[in-house]
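Have a look at the structure below, then the notes.
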Amino acid sequence: MARGINLITENLPHVLGVTCAALGLTLVSHFAAGVENLLTVAIGLSLLGIFVVAGFVLTWITGEKLPPLFWVSMVALAAGFPGVPGSAWVIDKIQAISFIATITPVLAFAALGIRADDVSSFRQNGLKIAVVAIFVFLGTFIGSALIAQLAIMVSGV
Amino acid sequence: MRARLGLALVLATLAGALIGVQRISLASFTITLLPLVFAFIAGLCLNPNIVSPIERVFPKAISDKAGSALAVAVMPLIALLSVYIGPQFQEVAALGPALVLQEFGNLGTMLIAMPLAVLVFRMGREAIGATFSIGREGGLAFIFGKYGGGSAEATGVMAVYICGTIFGVIFFSFAPSLIAGLNLFDPRALAMACGTGSASMTGACSSTLSAVYPERAEEIAALAASSNLMTGLTGLFITIFITLPLAERYFRFLSGMKGSDGAGH
């Protein structure tokens with residue numbers, strides 16, 4: 001693989017370590033944002049941690065045919081699905097968690113994770129490719145939003 | 001090393017959370033700036049590859065660690081969004097056709113970005129790699145496998161991948177807020193559009209939308225997570241059978257236009 005790319009397979013110690021760090025930072029971010037019921041938040045975050053680790057384990061035992069993103073989503077979906085034992089309790093705890101406080105540390109990882117290689121390739125490629133990239137991101141977002149909007153209007157839901 | 005990275009992460013997170021949600025109104029337009037934007041800016045300021053004097057406190061090695069951790073660090077958020085699919089299942093199922101159809105919206109990427117790349121910036125086959133998809137890990141692996149690591153197509157996808165690494169997530173926290181401000185789209189349509197197949201972009205996009213429409217946050221989470229799952233499952237098939245063949249033809253068409261353009265005038 002080319003420079004700066006990370007398509008490596010994760011391992012359990014790395015997943016456990018990063019998940020714990022991310023959840024700890026998420027708790028800090030709830031605290032700093034003035035969220036009150038921190039104990040419930042902590043229980044909810046621990047549940048998320050279990051779903052994440054379970055998702056990675058499922059990825060590995062199914063031979064990595066589907067990415068961790070899929071399995072983590074499926075585990076969380078199953079745990080909160082109406083009728084699944086304990087799902088009402090899970091939802092109750094999860095509802096204490098703020099989306100915004102949860103994404104905040106992710107952006108800290110993203111900003112600190114920009115490498116020297118990334119910066120130099122970015123400079124080398126110049127402004128043109130940055131403009132193209134903005135159109136790529138905007139295109140996928142607007143394209144999907146337009147079709148979804150039309151489908152909603154046609155089906156009248 | 002771990003302690004230094006931890007300190008930098010705590011500082012950036014705290015900066016974001018303490019500054020909090022800010023709303024800037026320009027005429028009838030309101031831009032919502034979320035803590036994640038401030039955490040990102042603080043993170044850039046603490047990144048030794050961007051602000052070199054900080055290297056004395058935070059060595060460059062912390063960036064390698066943070067970069068390889070990102071793919072895992074975003075997973076709790078993905079789990080959080082996905083938990084809401086169950087309670088919102090009727091709503092999600094009712095929007096099933098929209099969810100499936102909007103997957104083809106990813107073709108919009110190529111439709112608007114390739115003419116720019118080919119006609120305005122005069123790119124060669126790099127344009128195919130750069131604009132056929134949102135250019136994250138999946139697209140990268142696919143192009144490397146099909147055209148080879150040294151090909152023009154690979155150079156193109158790499159360039160967009162780097163841009164995505166540097167400003168993709170931050171882009172997906174501004175764009176939904178701005179586009180929601182136009183009041184043209186149903187919040188559910190925007191929520192579905194957030195499911196791009198990239199975990200961190202989907203997370204940033206849907207968190208921002210949930211701040212714009214706080215009363216519909218759970219519905220937005222469920223739709224974005226469903227759409228993201230759908231992209232994960234169908235993305236590769238759409239790429240192989242629709243996007244890439246179309247990209248090749250579109251590229252030839254646009255190159256033809258460029259050619260006659262140059263000869264005629």
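Chain labels run A, B, ... following the order of the structure tokens; each chain numbers its residues from 1, and ligands are numbered from 1 in the order shown.
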Residues of chain A in alpha helix (DSSP H), written as a ChimeraX atom specification: /A:12-32,38-61,68-79,87-94,99-112,116-155
Residues within 10 Å of region 47-60 of chain A, please, as a ChimeraX atom specification. Count only C-alpha atoms; anything in the same chain fewer than 4 positions from it doesn't count. /A:9-12,15-16,19-20,22-23,41-43,64-79,90,93-94 /B:72-80,83
How would the residues just chosen look if you wrote them out with N, CA and C atoms as a tab-separated table (two decimals), in the first residue's frame?
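Everything below was put into part.tsv:
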chain	number	residue	atom	x	y	z
A	9	THR	N	-5.23	-4.65	9.56
A	9	THR	CA	-6.22	-5.32	10.37
A	9	THR	C	-6.02	-4.89	11.81
A	10	GLU	N	-7.13	-4.60	12.48
A	10	GLU	CA	-7.04	-4.23	13.88
A	10	GLU	C	-6.77	-5.46	14.74
A	11	ASN	N	-6.24	-5.25	15.93
A	11	ASN	CA	-6.14	-6.37	16.87
A	11	ASN	C	-6.82	-5.99	18.18
A	12	LEU	N	-7.10	-7.02	18.98
A	12	LEU	CA	-7.91	-6.80	20.18
A	12	LEU	C	-7.33	-5.77	21.14
A	15	VAL	N	-8.01	-2.29	19.73
A	15	VAL	CA	-9.44	-1.95	19.77
A	15	VAL	C	-9.86	-1.64	21.20
A	16	LEU	N	-9.44	-2.47	22.15
A	16	LEU	CA	-9.80	-2.24	23.56
A	16	LEU	C	-9.25	-0.91	24.05
A	19	THR	N	-10.91	2.13	22.23
A	19	THR	CA	-12.31	2.27	22.64
A	19	THR	C	-12.40	2.87	24.04
A	20	CYS	N	-11.59	2.35	24.97
A	20	CYS	CA	-11.60	2.89	26.33
A	20	CYS	C	-11.21	4.36	26.32
A	22	ALA	N	-11.45	6.53	23.84
A	22	ALA	CA	-12.50	7.33	23.20
A	22	ALA	C	-13.68	7.53	24.15
A	23	LEU	N	-14.05	6.47	24.88
A	23	LEU	CA	-15.18	6.57	25.81
A	23	LEU	C	-14.84	7.48	26.99
A	41	VAL	N	-24.87	8.38	31.90
A	41	VAL	CA	-24.05	8.53	30.69
A	41	VAL	C	-22.95	7.48	30.69
A	42	ALA	N	-22.28	7.32	31.84
A	42	ALA	CA	-21.18	6.36	31.92
A	42	ALA	C	-21.66	4.93	31.65
A	43	ILE	N	-22.85	4.59	32.18
A	43	ILE	CA	-23.39	3.25	31.90
A	43	ILE	C	-23.69	3.11	30.40
A	64	GLU	N	-13.60	-11.42	8.27
A	64	GLU	CA	-13.45	-10.06	7.75
A	64	GLU	C	-14.03	-9.86	6.35
A	65	LYS	N	-15.11	-10.58	6.05
A	65	LYS	CA	-15.76	-10.39	4.75
A	65	LYS	C	-16.50	-9.06	4.72
A	66	LEU	N	-17.00	-8.65	5.88
A	66	LEU	CA	-17.67	-7.35	5.99
A	66	LEU	C	-16.90	-6.50	7.00
A	67	PRO	N	-16.89	-5.18	6.80
A	67	PRO	CA	-16.07	-4.31	7.65
A	67	PRO	C	-16.63	-4.17	9.08
A	68	PRO	N	-15.79	-3.77	10.04
A	68	PRO	CA	-16.24	-3.57	11.43
A	68	PRO	C	-17.43	-2.62	11.52
A	69	LEU	N	-17.45	-1.61	10.65
A	69	LEU	CA	-18.55	-0.65	10.63
A	69	LEU	C	-19.90	-1.37	10.57
A	70	PHE	N	-19.98	-2.41	9.71
A	70	PHE	CA	-21.22	-3.17	9.54
A	70	PHE	C	-21.56	-3.91	10.82
A	71	TRP	N	-20.59	-4.63	11.39
A	71	TRP	CA	-20.87	-5.47	12.55
A	71	TRP	C	-21.18	-4.64	13.80
A	72	VAL	N	-20.45	-3.55	13.97
A	72	VAL	CA	-20.72	-2.69	15.13
A	72	VAL	C	-22.15	-2.16	15.03
A	73	SER	N	-22.54	-1.73	13.82
A	73	SER	CA	-23.90	-1.25	13.60
A	73	SER	C	-24.92	-2.33	13.91
A	74	MET	N	-24.66	-3.55	13.43
A	74	MET	CA	-25.62	-4.63	13.61
A	74	MET	C	-25.80	-5.00	15.08
A	75	VAL	N	-24.69	-5.05	15.82
A	75	VAL	CA	-24.78	-5.39	17.25
A	75	VAL	C	-25.60	-4.32	17.98
A	76	ALA	N	-25.31	-3.04	17.69
A	76	ALA	CA	-26.02	-1.95	18.37
A	76	ALA	C	-27.50	-1.96	17.99
A	77	LEU	N	-27.76	-2.22	16.70
A	77	LEU	CA	-29.14	-2.29	16.22
A	77	LEU	C	-29.90	-3.39	16.97
A	78	ALA	N	-29.28	-4.56	17.07
A	78	ALA	CA	-29.93	-5.70	17.73
A	78	ALA	C	-30.19	-5.40	19.20
A	79	ALA	N	-29.22	-4.76	19.87
A	79	ALA	CA	-29.35	-4.52	21.31
A	79	ALA	C	-30.48	-3.55	21.62
A	90	VAL	N	-31.54	-0.74	27.63
A	90	VAL	CA	-30.44	-0.22	26.81
A	90	VAL	C	-30.79	1.16	26.27
A	93	LYS	N	-30.71	3.94	28.92
A	93	LYS	CA	-29.36	4.40	29.29
A	93	LYS	C	-28.74	5.20	28.14
A	94	ILE	N	-28.93	4.70	26.90
A	94	ILE	CA	-28.31	5.34	25.73
A	94	ILE	C	-28.86	6.75	25.53
B	72	VAL	N	-11.08	3.30	14.88
B	72	VAL	CA	-11.74	2.64	16.02
B	72	VAL	C	-12.45	3.69	16.88
B	73	ALA	N	-11.83	4.86	17.02
B	73	ALA	CA	-12.37	5.89	17.92
B	73	ALA	C	-13.75	6.38	17.49
B	74	VAL	N	-14.08	6.22	16.20
B	74	VAL	CA	-15.38	6.70	15.72
B	74	VAL	C	-16.48	5.65	15.94
B	75	MET	N	-16.08	4.41	16.27
B	75	MET	CA	-17.06	3.33	16.37
B	75	MET	C	-18.12	3.50	17.49
B	76	PRO	N	-17.75	4.04	18.66
B	76	PRO	CA	-18.81	4.25	19.66
B	76	PRO	C	-19.94	5.15	19.11
B	77	LEU	N	-19.58	6.13	18.30
B	77	LEU	CA	-20.59	7.01	17.72
B	77	LEU	C	-21.48	6.24	16.74
B	78	ILE	N	-20.85	5.37	15.95
B	78	ILE	CA	-21.61	4.54	15.00
B	78	ILE	C	-22.58	3.64	15.77
B	79	ALA	N	-22.10	3.08	16.89
B	79	ALA	CA	-22.97	2.24	17.73
B	79	ALA	C	-24.12	3.08	18.27
B	80	LEU	N	-23.82	4.30	18.72
B	80	LEU	CA	-24.85	5.19	19.28
B	80	LEU	C	-25.94	5.48	18.24
B	83	VAL	N	-28.13	2.24	17.51
B	83	VAL	CA	-29.06	1.81	18.56
B	83	VAL	C	-30.46	2.37	18.28
Option closest in space to chain A, from B:Arg4, B:Arg23, B:Arg56, B:Lys65 [counting only C-alpha atoms]: B:Lys65
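Closest approach to Pro115 (chain B) among A:Gly126, A:Gly139, A:Gly86, A:Gly17 is made by A:Gly139 (distances from only C-alpha atoms).
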Any idea what the distance is between CA of Cys45 (chain B) and CA of Val106 (chain A)?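 Between these atoms lies a distance of 15.8 Å.
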Non-local contacts of Ser25 (chain B) (12 Å; only C-alpha atoms; under 5 positions in same chain excluded) as a ChimeraX atom specification: /B:30-33,178,181
Suppose we keep N, CA and C atoms; can you now write the selection as a PDB file, in the first residue's frame?
ATOM      1  N   THR B  30     -28.539  31.015   9.444  1.00  0.00           N
ATOM      2  CA  THR B  30     -27.884  30.725  10.713  1.00  0.00           C
ATOM      3  C   THR B  30     -26.921  29.569  10.524  1.00  0.00           C
ATOM      4  N   ILE B  31     -25.667  29.798  10.871  1.00  0.00           N
ATOM      5  CA  ILE B  31     -24.689  28.719  10.816  1.00  0.00           C
ATOM      6  C   ILE B  31     -24.508  28.198  12.240  1.00  0.00           C
ATOM      7  N   THR B  32     -24.679  26.898  12.422  1.00  0.00           N
ATOM      8  CA  THR B  32     -24.482  26.295  13.733  1.00  0.00           C
ATOM      9  C   THR B  32     -23.062  25.743  13.810  1.00  0.00           C
ATOM     10  N   LEU B  33     -22.274  26.281  14.717  1.00  0.00           N
ATOM     11  CA  LEU B  33     -20.915  25.762  14.912  1.00  0.00           C
ATOM     12  C   LEU B  33     -20.917  24.888  16.161  1.00  0.00           C
ATOM     13  N   LEU B 178     -25.363  24.316   6.615  1.00  0.00           N
ATOM     14  CA  LEU B 178     -25.640  25.318   5.585  1.00  0.00           C
ATOM     15  C   LEU B 178     -26.814  24.904   4.707  1.00  0.00           C
ATOM     16  N   GLY B 181     -30.078  25.090   6.297  1.00  0.00           N
ATOM     17  CA  GLY B 181     -30.473  26.494   6.397  1.00  0.00           C
ATOM     18  C   GLY B 181     -31.232  26.997   5.172  1.00  0.00           C
TER      19      GLY B 181
END
